[in-house]
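The file target09.tsv contains TSV, C-alpha atoms:
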```
chain	number	residue	atom	x	y	z
U	6	MET	CA	-83.30	38.88	-37.14
U	7	SER	CA	-79.49	38.91	-37.50
U	8	TRP	CA	-76.99	36.14	-36.83
U	9	TYR	CA	-74.25	36.29	-34.20
U	10	CYS	CA	-71.26	34.16	-35.30
U	11	TYR	CA	-69.11	32.51	-32.64
U	12	ALA	CA	-66.77	30.30	-34.63
U	13	VAL	CA	-66.13	28.37	-37.84
U	14	ALA	CA	-65.77	24.59	-37.90
U	15	GLU	CA	-65.31	21.93	-40.52
U	16	PHE	CA	-68.49	20.75	-42.22
U	17	ALA	CA	-70.39	18.06	-40.32
U	18	GLU	CA	-73.50	16.16	-41.38
U	19	GLU	CA	-75.00	16.65	-37.91
U	20	ASN	CA	-75.02	19.89	-35.95
U	21	PRO	CA	-71.85	19.67	-33.74
U	22	VAL	CA	-73.40	22.04	-31.20
U	23	ALA	CA	-76.87	20.52	-30.97
U	24	GLY	CA	-78.47	21.32	-27.62
U	25	MET	CA	-76.17	24.24	-26.82
U	26	THR	CA	-77.48	27.67	-25.94
U	27	GLY	CA	-75.61	30.88	-26.53
U	28	LEU	CA	-76.24	34.58	-26.18
U	29	ARG	CA	-79.49	35.40	-24.35
U	30	ASP	CA	-80.17	31.65	-24.05
U	31	ARG	CA	-80.82	31.42	-27.79
U	32	PRO	CA	-80.00	28.01	-29.35
U	33	VAL	CA	-76.71	27.70	-31.19
U	34	SER	CA	-77.28	26.63	-34.79
U	35	ALA	CA	-75.04	25.48	-37.63
U	36	ILE	CA	-75.06	27.24	-41.02
U	37	SER	CA	-73.00	25.31	-43.57
U	38	GLY	CA	-71.48	26.08	-46.93
U	39	THR	CA	-68.31	25.44	-48.96
U	40	GLY	CA	-67.30	22.51	-46.76
U	41	LEU	CA	-67.44	24.64	-43.60
U	42	THR	CA	-69.88	25.34	-40.79
U	43	ALA	CA	-70.52	28.60	-38.94
U	44	LEU	CA	-71.77	28.32	-35.35
U	45	VAL	CA	-74.40	31.02	-34.87
U	46	SER	CA	-77.30	32.31	-32.77
U	47	PRO	CA	-80.14	34.64	-33.77
U	48	VAL	CA	-80.01	38.12	-32.22
U	49	PRO	CA	-82.38	41.12	-32.51
U	50	GLU	CA	-81.39	43.62	-35.19
U	51	GLU	CA	-82.33	46.64	-33.09
U	52	GLU	CA	-79.62	45.73	-30.58
U	53	PHE	CA	-76.98	44.42	-32.96
U	54	ASP	CA	-77.18	46.60	-36.06
U	55	GLU	CA	-74.15	48.74	-36.84
U	56	SER	CA	-75.16	51.90	-34.97
U	57	ALA	CA	-76.53	50.09	-31.89
U	58	LEU	CA	-73.52	47.78	-31.75
U	59	GLN	CA	-71.08	50.68	-31.81
U	60	ALA	CA	-72.85	52.25	-28.84
U	61	ASN	CA	-73.25	49.00	-26.91
U	62	LEU	CA	-69.55	48.14	-27.21
U	63	GLU	CA	-68.85	51.20	-25.06
U	64	HIS	CA	-71.17	49.87	-22.32
U	65	LEU	CA	-69.06	47.63	-20.07
U	66	PRO	CA	-71.85	45.48	-18.49
U	67	TRP	CA	-73.24	44.74	-21.97
U	68	LEU	CA	-69.77	43.99	-23.28
U	69	GLU	CA	-69.06	41.63	-20.38
U	70	GLU	CA	-72.29	39.73	-21.02
U	71	ILE	CA	-71.44	39.29	-24.70
U	72	ALA	CA	-67.88	38.23	-23.94
U	73	ARG	CA	-68.96	35.60	-21.41
U	74	ALA	CA	-71.55	34.10	-23.76
U	75	HIS	CA	-69.15	34.15	-26.71
U	76	ASN	CA	-66.35	32.42	-24.81
U	77	ALA	CA	-68.71	29.86	-23.26
U	78	VAL	CA	-69.97	28.77	-26.69
U	79	VAL	CA	-66.49	28.65	-28.22
U	80	ASP	CA	-65.03	26.68	-25.31
U	81	GLU	CA	-67.85	24.12	-25.30
U	82	ALA	CA	-67.77	23.80	-29.09
U	83	SER	CA	-64.01	23.24	-29.00
U	84	ARG	CA	-64.58	20.21	-26.75
U	85	ARG	CA	-66.85	18.71	-29.40
U	86	THR	CA	-65.04	19.59	-32.63
U	87	GLY	CA	-62.19	21.66	-34.06
U	88	VAL	CA	-63.13	25.36	-34.21
U	89	LEU	CA	-61.72	28.71	-35.24
U	90	PRO	CA	-63.00	31.38	-32.83
U	91	LEU	CA	-64.26	34.50	-34.58
U	92	ARG	CA	-63.89	38.00	-33.22
U	93	MET	CA	-66.45	38.90	-30.58
U	94	ALA	CA	-69.60	40.61	-31.95
U	95	THR	CA	-69.25	39.27	-35.51
U	96	ILE	CA	-72.74	39.90	-36.91
U	97	TYR	CA	-74.36	39.08	-40.28
U	98	ARG	CA	-77.79	40.20	-41.43
U	99	ASP	CA	-79.04	36.84	-42.70
U	100	GLU	CA	-78.10	33.22	-43.44
U	101	HIS	CA	-77.19	34.08	-47.03
U	102	ARG	CA	-74.55	36.54	-45.84
U	103	VAL	CA	-73.13	33.95	-43.43
U	104	ARG	CA	-72.73	31.49	-46.31
U	105	GLU	CA	-71.12	34.21	-48.43
U	106	MET	CA	-68.61	34.80	-45.62
U	107	LEU	CA	-67.74	31.09	-45.54
U	108	ALA	CA	-67.28	31.02	-49.31
U	109	GLU	CA	-65.19	34.21	-49.45
U	110	HIS	CA	-62.73	32.96	-46.83
U	111	SER	CA	-62.96	29.19	-47.38
U	112	ALA	CA	-59.27	28.77	-48.28
U	113	GLN	CA	-58.14	30.74	-45.23
U	114	PHE	CA	-60.54	28.94	-42.91
U	115	SER	CA	-59.59	25.49	-44.22
U	116	ALA	CA	-55.86	26.16	-43.86
U	117	ALA	CA	-56.32	27.44	-40.31
U	118	LEU	CA	-58.47	24.46	-39.33
U	119	ASN	CA	-55.78	22.12	-40.66
U	120	ARG	CA	-53.20	23.98	-38.59
U	121	VAL	CA	-55.07	23.76	-35.28
U	122	ARG	CA	-56.70	20.34	-35.67
U	123	ASP	CA	-55.98	18.12	-32.63
U	124	HIS	CA	-54.22	21.01	-30.88
U	125	ALA	CA	-55.20	23.27	-27.99
U	126	GLU	CA	-54.03	26.65	-26.80
U	127	TRP	CA	-52.28	26.94	-23.43
U	128	GLY	CA	-51.42	30.22	-21.75
U	129	VAL	CA	-48.11	30.62	-19.92
U	130	LYS	CA	-47.24	33.71	-17.89
U	131	VAL	CA	-44.04	34.37	-16.00
U	132	PHE	CA	-44.03	36.85	-13.11
U	133	ALA	CA	-40.98	38.32	-11.40
U	134	SER	CA	-40.65	40.30	-8.17
U	135	ILE	CA	-39.06	43.51	-9.44
U	136	ARG	CA	-39.74	46.75	-7.63
U	137	ASP	CA	-40.83	49.51	-9.98
U	138	SER	CA	-38.13	52.12	-10.57
U	139	GLY	CA	-40.37	54.86	-9.18
U	140	ALA	CA	-40.77	53.17	-5.79
U	141	PRO	CA	-37.67	53.71	-3.59
U	142	GLU	CA	-36.66	50.95	-1.23
U	143	THR	CA	-36.46	51.74	2.49
U	144	PRO	CA	-32.81	51.63	3.62
U	145	ALA	CA	-31.75	49.77	6.74
U	146	GLU	CA	-30.15	53.01	8.00
U	147	PRO	CA	-30.76	56.54	6.74
U	148	PRO	CA	-27.82	57.95	4.71
U	149	ALA	CA	-25.49	60.28	6.60
U	150	ASP	CA	-25.28	62.93	3.88
U	151	GLY	CA	-26.27	63.72	0.28
U	152	ARG	CA	-23.34	61.86	-1.26
U	153	SER	CA	-24.14	58.74	0.75
U	154	TYR	CA	-27.77	59.00	-0.35
U	155	LEU	CA	-26.75	59.14	-4.03
U	156	ARG	CA	-24.47	56.12	-3.62
U	157	GLN	CA	-27.29	54.24	-1.91
U	158	ARG	CA	-29.75	55.09	-4.71
U	159	LEU	CA	-27.19	53.97	-7.30
U	160	ARG	CA	-26.77	50.60	-5.58
U	161	GLN	CA	-30.56	50.17	-5.43
U	162	ARG	CA	-30.90	51.00	-9.13
U	163	GLN	CA	-28.09	48.61	-10.05
U	164	ALA	CA	-29.67	45.81	-8.00
U	165	ARG	CA	-33.05	46.50	-9.64
U	166	ASP	CA	-31.49	46.46	-13.10
U	167	ALA	CA	-29.75	43.16	-12.30
U	168	ARG	CA	-33.08	41.60	-11.23
U	169	THR	CA	-34.71	42.93	-14.40
U	170	ASP	CA	-31.96	41.42	-16.57
U	171	GLU	CA	-32.18	38.11	-14.71
U	172	ALA	CA	-35.97	37.98	-15.16
U	173	ALA	CA	-35.63	38.73	-18.90
U	174	SER	CA	-33.07	35.95	-19.23
U	175	VAL	CA	-35.35	33.48	-17.42
U	176	ALA	CA	-38.27	34.48	-19.65
U	177	GLU	CA	-36.22	33.94	-22.81
U	178	ARG	CA	-35.07	30.51	-21.63
U	179	ILE	CA	-38.62	29.44	-20.75
U	180	GLU	CA	-39.85	30.59	-24.15
U	181	ARG	CA	-37.10	28.61	-25.93
U	182	GLU	CA	-37.92	25.45	-23.98
U	183	LEU	CA	-41.67	25.69	-24.57
U	184	THR	CA	-41.17	26.45	-28.27
U	185	GLN	CA	-39.65	22.98	-28.64
U	186	LEU	CA	-42.86	21.40	-27.29
U	187	SER	CA	-45.32	23.58	-29.24
U	188	ALA	CA	-46.49	23.51	-32.84
U	189	ASP	CA	-46.64	27.31	-32.73
U	190	ILE	CA	-46.14	30.02	-30.16
U	191	HIS	CA	-47.37	33.59	-29.87
U	192	ARG	CA	-45.95	36.21	-27.53
U	193	HIS	CA	-48.62	38.56	-26.25
U	194	ARG	CA	-47.87	41.95	-24.76
U	195	ASN	CA	-46.94	41.69	-21.08
U	196	GLN	CA	-49.85	42.62	-18.83
U	197	ASP	CA	-49.90	45.69	-16.65
U	198	PRO	CA	-50.24	45.10	-12.86
U	199	ALA	CA	-53.56	46.96	-13.02
U	200	LEU	CA	-54.88	44.06	-15.14
U	201	THR	CA	-53.19	41.19	-13.32
U	202	GLY	CA	-54.02	42.47	-9.83
U	203	ARG	CA	-50.53	41.40	-8.73
U	204	THR	CA	-47.65	43.35	-7.23
U	205	ASP	CA	-44.99	41.44	-9.19
U	206	ARG	CA	-44.26	42.12	-12.86
U	207	ASN	CA	-45.44	40.08	-15.83
U	208	VAL	CA	-42.25	39.45	-17.85
U	209	LEU	CA	-43.59	36.82	-20.28
U	210	ASN	CA	-47.09	36.26	-21.67
U	211	LEU	CA	-47.20	33.33	-24.09
U	212	ALA	CA	-49.87	31.45	-26.00
U	213	CYS	CA	-48.68	27.97	-26.96
U	214	LEU	CA	-50.37	25.77	-29.57
U	215	VAL	CA	-49.77	22.30	-28.16
U	216	PRO	CA	-50.62	18.97	-29.84
U	217	ASN	CA	-53.12	17.02	-27.76
U	218	THR	CA	-50.73	14.07	-27.88
U	219	GLY	CA	-48.02	16.22	-26.30
U	220	ARG	CA	-50.12	17.68	-23.50
U	221	GLU	CA	-48.62	15.62	-20.68
U	222	GLN	CA	-45.06	16.34	-21.78
U	223	PHE	CA	-45.84	20.05	-22.01
U	224	LEU	CA	-47.38	20.17	-18.51
U	225	ALA	CA	-44.54	18.11	-17.08
U	226	GLN	CA	-42.06	20.65	-18.46
U	227	ILE	CA	-44.06	23.47	-16.87
U	228	ALA	CA	-43.88	21.64	-13.53
U	229	ARG	CA	-40.09	21.28	-13.88
U	230	LEU	CA	-39.75	24.96	-14.69
U	231	ARG	CA	-41.72	25.90	-11.59
U	232	GLN	CA	-39.45	23.80	-9.38
U	233	SER	CA	-36.20	25.01	-10.93
U	234	GLU	CA	-36.78	28.74	-10.99
U	235	ALA	CA	-35.18	31.05	-8.45
U	236	ALA	CA	-37.09	32.79	-5.69
U	237	GLY	CA	-39.16	35.68	-6.96
U	238	ILE	CA	-40.02	33.95	-10.27
U	239	GLU	CA	-43.45	32.37	-10.74
U	240	VAL	CA	-44.72	30.41	-13.78
U	241	GLU	CA	-48.51	30.35	-14.29
U	242	VAL	CA	-50.26	28.08	-16.83
U	243	THR	CA	-53.90	28.13	-17.99
U	244	GLY	CA	-55.80	26.00	-20.48
U	245	PRO	CA	-56.62	24.14	-22.52
U	246	TRP	CA	-58.43	26.75	-24.60
U	247	ALA	CA	-59.80	27.01	-28.09
U	248	PRO	CA	-57.03	28.35	-30.37
U	249	TYR	CA	-57.91	32.05	-30.11
U	250	SER	CA	-54.34	33.20	-30.71
U	251	PHE	CA	-53.79	30.95	-33.74
U	252	ALA	CA	-57.00	31.26	-35.74
U	253	GLY	CA	-55.35	33.79	-38.05
U	254	ILE	CA	-58.71	35.37	-38.87
U	255	SER	CA	-59.50	39.09	-38.74
```
Could you render the structure as structure tokens?
Amino acid sequence: MSWYCYAVAEFAEENPVAGMTGLRDRPVSAISGTGLTALVSPVPEEEFDESALQANLEHLPWLEEIARAHNAVVDEASRRTGVLPLRMATIYRDEHRVREMLAEHSAQFSAALNRVRDHAEWGVKVFASIRDSGAPETPAEPPADGRSYLRQRLRQRQARDARTDEAASVAERIERELTQLSADIHRHRNQDPALTGRTDRNVLNLACLVPNTGREQFLAQIARLRQSEAAGIEVEVTGPWAPYSFAGIS
């Protein structure tokens, strides 16, 4: 039997996740050492050893099941205690190896737990209505000749570029304002429309580490930003989450 590790927490005398179930409805246990606690569940070796795991990670239904269970445990644990989420499918062969992992990285874990204690992660995305450059706009009247067509295309491209510049400026301003209300901030890669399922463009994708005491101020600022932005700009917020983007653990 191997151990699936969801997260690392500070040491606690009592199991902070008592009564929780994780992957495949197995109970979530606490393995402690070096002043830290790993939140784990037992998993069958034949499915989670190195060769099987490599194959299973290419199987999307299996991967989705693991991801849902992993996130559910981390999110529930984060409501009970401060946690550092570990990478999905972090597996150790036995309890001894889990304790070795805690000892090997105790300084890193402790520093990260201090950094995220009494904080939560909030996601902020900004979307802008900018037509992709490859999609021509339909003119009100067809151009009379080739020269008129080229002038029309130039005006369309200039208008598109102006909207792109405006959206980038809005995104930079929003990031500056939210940085002032966050203990830390991480800028993720903007998401492709194929992932967002939206026709507008993702121009800002932030993770904000917000003190719990500053939550209301942070959300109030998001509300003000939504009201003040021009047409075609949308600000989306999600959270609170466990500090996935700020764990600093590979």
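The shell of residues at most 6 Å from region 215-231 of chain U, with only C-alpha atoms counted and near chain neighbours (fewer than 4 positions) removed, consists of Asp123, His124, Ala125, Ser187, Ala188 and Val240 of chain U.
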Using all atoms listed in the file, collect all residues at a distance of at most 12 Å from (-39.7, 27.1, -24.8) as written in the file, then present them as a VMD selection string.
-> chain U and resid 129 175 to 192 209 211 to 215 223 226 to 227 230
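In this comparison, which uses all atoms listed in the file, the residue of U:Thr86, U:Asn76, U:Thr201, U:Ser134 approaching Val121 (chain U) most closely is U:Thr86.
Using all atoms listed in the file, the shortest contact distance between Ala117 (chain U) and any of U:Ala23, U:Val131, U:Leu41, U:Arg102 is found at U:Leu41.
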re CA of Gly27 (chain U) and CA of Ala77 (chain U): distance 7.7 Å
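Nearest to Pro49 (chain U) of all the residues U:Arg168, U:His75, U:His64, U:Arg98 is U:Arg98, based on all atoms listed in the file.
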Looking at U:Ala247, U:Ala12, U:Arg104, U:Gly40, which one is nearest to Glu126 (chain U), with distances taken over all atoms listed in the file?
-> U:Ala247
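Of the residues listed (U:Ala133, U:Gly24, U:Leu107, U:Ser37), U:Ala133 shows the shortest atom-to-atom separation from Thr204 (chain U); distances use all atoms listed in the file.
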Go through U:Ala17, U:Asp205, U:Asn119, U:Tyr11 one by one, measure the shortest atom-to-atom distance of each to Arg73 (chain U) using all atoms listed in the file, and give the residue with the smallest value.
-> U:Tyr11
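With only the atoms specified (only C-alpha atoms) counting, those residues at most 7 Å away from (-49.9, 28.7, -15.2) are Gly128, Val129, Lys130, Val240, Glu241, Val242 and Thr243 of chain U.
Pairwise distance (CA of Phe114 (chain U), CA of Leu89 (chain U)) equals 7.8 Å.
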Between CA of Val13 (chain U) and CA of Ile96 (chain U), what is the spacing in Å?
-> 13.3 Å
Skipping near chain neighbours, those fewer than 6 positions away, what residues fall within 12 Å of Val79 (chain U) using only C-alpha atoms, listed as number ranges by chain?
-> U: 10-14, 21-22, 25-28, 33, 43-45, 72-73, 85-93, 246-249
Filtering to N, CA and C atoms, could region 233-254 of chain U of the supplied structure be written out as a PDB file, in the first residue's frame?
```pdb
ATOM      1  N   SER U 233     -16.734  50.502 -12.584  1.00  0.00           N
ATOM      2  CA  SER U 233     -16.045  51.617 -13.225  1.00  0.00           C
ATOM      3  C   SER U 233     -15.511  51.298 -14.607  1.00  0.00           C
ATOM      4  N   GLU U 234     -15.411  50.016 -14.947  1.00  0.00           N
ATOM      5  CA  GLU U 234     -14.791  49.684 -16.220  1.00  0.00           C
ATOM      6  C   GLU U 234     -15.713  49.985 -17.399  1.00  0.00           C
ATOM      7  N   ALA U 235     -15.073  50.254 -18.536  1.00  0.00           N
ATOM      8  CA  ALA U 235     -15.799  50.590 -19.750  1.00  0.00           C
ATOM      9  C   ALA U 235     -16.515  49.358 -20.301  1.00  0.00           C
ATOM     10  N   ALA U 236     -17.417  49.611 -21.222  1.00  0.00           N
ATOM     11  CA  ALA U 236     -18.133  48.516 -21.872  1.00  0.00           C
ATOM     12  C   ALA U 236     -17.125  47.608 -22.579  1.00  0.00           C
ATOM     13  N   GLY U 237     -17.401  46.325 -22.533  1.00  0.00           N
ATOM     14  CA  GLY U 237     -16.501  45.378 -23.184  1.00  0.00           C
ATOM     15  C   GLY U 237     -15.431  44.829 -22.264  1.00  0.00           C
ATOM     16  N   ILE U 238     -15.358  45.325 -21.021  1.00  0.00           N
ATOM     17  CA  ILE U 238     -14.398  44.841 -20.034  1.00  0.00           C
ATOM     18  C   ILE U 238     -15.176  44.167 -18.897  1.00  0.00           C
ATOM     19  N   GLU U 239     -14.790  42.939 -18.553  1.00  0.00           N
ATOM     20  CA  GLU U 239     -15.457  42.219 -17.477  1.00  0.00           C
ATOM     21  C   GLU U 239     -14.417  41.690 -16.487  1.00  0.00           C
ATOM     22  N   VAL U 240     -14.680  41.892 -15.193  1.00  0.00           N
ATOM     23  CA  VAL U 240     -13.787  41.429 -14.125  1.00  0.00           C
ATOM     24  C   VAL U 240     -14.479  40.268 -13.412  1.00  0.00           C
ATOM     25  N   GLU U 241     -13.799  39.115 -13.363  1.00  0.00           N
ATOM     26  CA  GLU U 241     -14.345  37.906 -12.743  1.00  0.00           C
ATOM     27  C   GLU U 241     -13.485  37.532 -11.542  1.00  0.00           C
ATOM     28  N   VAL U 242     -14.112  37.217 -10.404  1.00  0.00           N
ATOM     29  CA  VAL U 242     -13.370  36.837  -9.202  1.00  0.00           C
ATOM     30  C   VAL U 242     -13.866  35.482  -8.716  1.00  0.00           C
ATOM     31  N   THR U 243     -12.938  34.637  -8.262  1.00  0.00           N
ATOM     32  CA  THR U 243     -13.268  33.336  -7.686  1.00  0.00           C
ATOM     33  C   THR U 243     -12.469  33.141  -6.402  1.00  0.00           C
ATOM     34  N   GLY U 244     -13.013  32.354  -5.484  1.00  0.00           N
ATOM     35  CA  GLY U 244     -12.327  32.090  -4.231  1.00  0.00           C
ATOM     36  C   GLY U 244     -13.311  32.141  -3.074  1.00  0.00           C
ATOM     37  N   PRO U 245     -12.809  31.992  -1.865  1.00  0.00           N
ATOM     38  CA  PRO U 245     -11.394  31.787  -1.524  1.00  0.00           C
ATOM     39  C   PRO U 245     -10.945  30.345  -1.743  1.00  0.00           C
ATOM     40  N   TRP U 246      -9.654  30.203  -2.083  1.00  0.00           N
ATOM     41  CA  TRP U 246      -9.060  28.900  -2.324  1.00  0.00           C
ATOM     42  C   TRP U 246      -7.878  28.684  -1.386  1.00  0.00           C
ATOM     43  N   ALA U 247      -7.485  27.427  -1.264  1.00  0.00           N
ATOM     44  CA  ALA U 247      -6.211  27.125  -0.634  1.00  0.00           C
ATOM     45  C   ALA U 247      -5.102  27.774  -1.477  1.00  0.00           C
ATOM     46  N   PRO U 248      -3.966  28.105  -0.890  1.00  0.00           N
ATOM     47  CA  PRO U 248      -2.948  28.902  -1.599  1.00  0.00           C
ATOM     48  C   PRO U 248      -2.123  28.090  -2.597  1.00  0.00           C
ATOM     49  N   TYR U 249      -2.777  27.543  -3.627  1.00  0.00           N
ATOM     50  CA  TYR U 249      -2.071  26.733  -4.611  1.00  0.00           C
ATOM     51  C   TYR U 249      -0.930  27.499  -5.276  1.00  0.00           C
ATOM     52  N   SER U 250      -1.168  28.756  -5.605  1.00  0.00           N
ATOM     53  CA  SER U 250      -0.177  29.520  -6.374  1.00  0.00           C
ATOM     54  C   SER U 250       0.961  30.042  -5.516  1.00  0.00           C
ATOM     55  N   PHE U 251       0.882  29.891  -4.201  1.00  0.00           N
ATOM     56  CA  PHE U 251       1.856  30.511  -3.304  1.00  0.00           C
ATOM     57  C   PHE U 251       2.529  29.496  -2.372  1.00  0.00           C
ATOM     58  N   ALA U 252       2.307  28.200  -2.621  1.00  0.00           N
ATOM     59  CA  ALA U 252       2.912  27.197  -1.767  1.00  0.00           C
ATOM     60  C   ALA U 252       4.430  27.167  -1.948  1.00  0.00           C
ATOM     61  N   GLY U 253       4.894  27.467  -3.162  1.00  0.00           N
ATOM     62  CA  GLY U 253       6.329  27.497  -3.404  1.00  0.00           C
ATOM     63  C   GLY U 253       6.987  26.150  -3.274  1.00  0.00           C
ATOM     64  N   ILE U 254       6.257  25.082  -3.592  1.00  0.00           N
ATOM     65  CA  ILE U 254       6.753  23.715  -3.419  1.00  0.00           C
ATOM     66  C   ILE U 254       6.672  22.992  -4.757  1.00  0.00           C
TER      67      ILE U 254
END
```
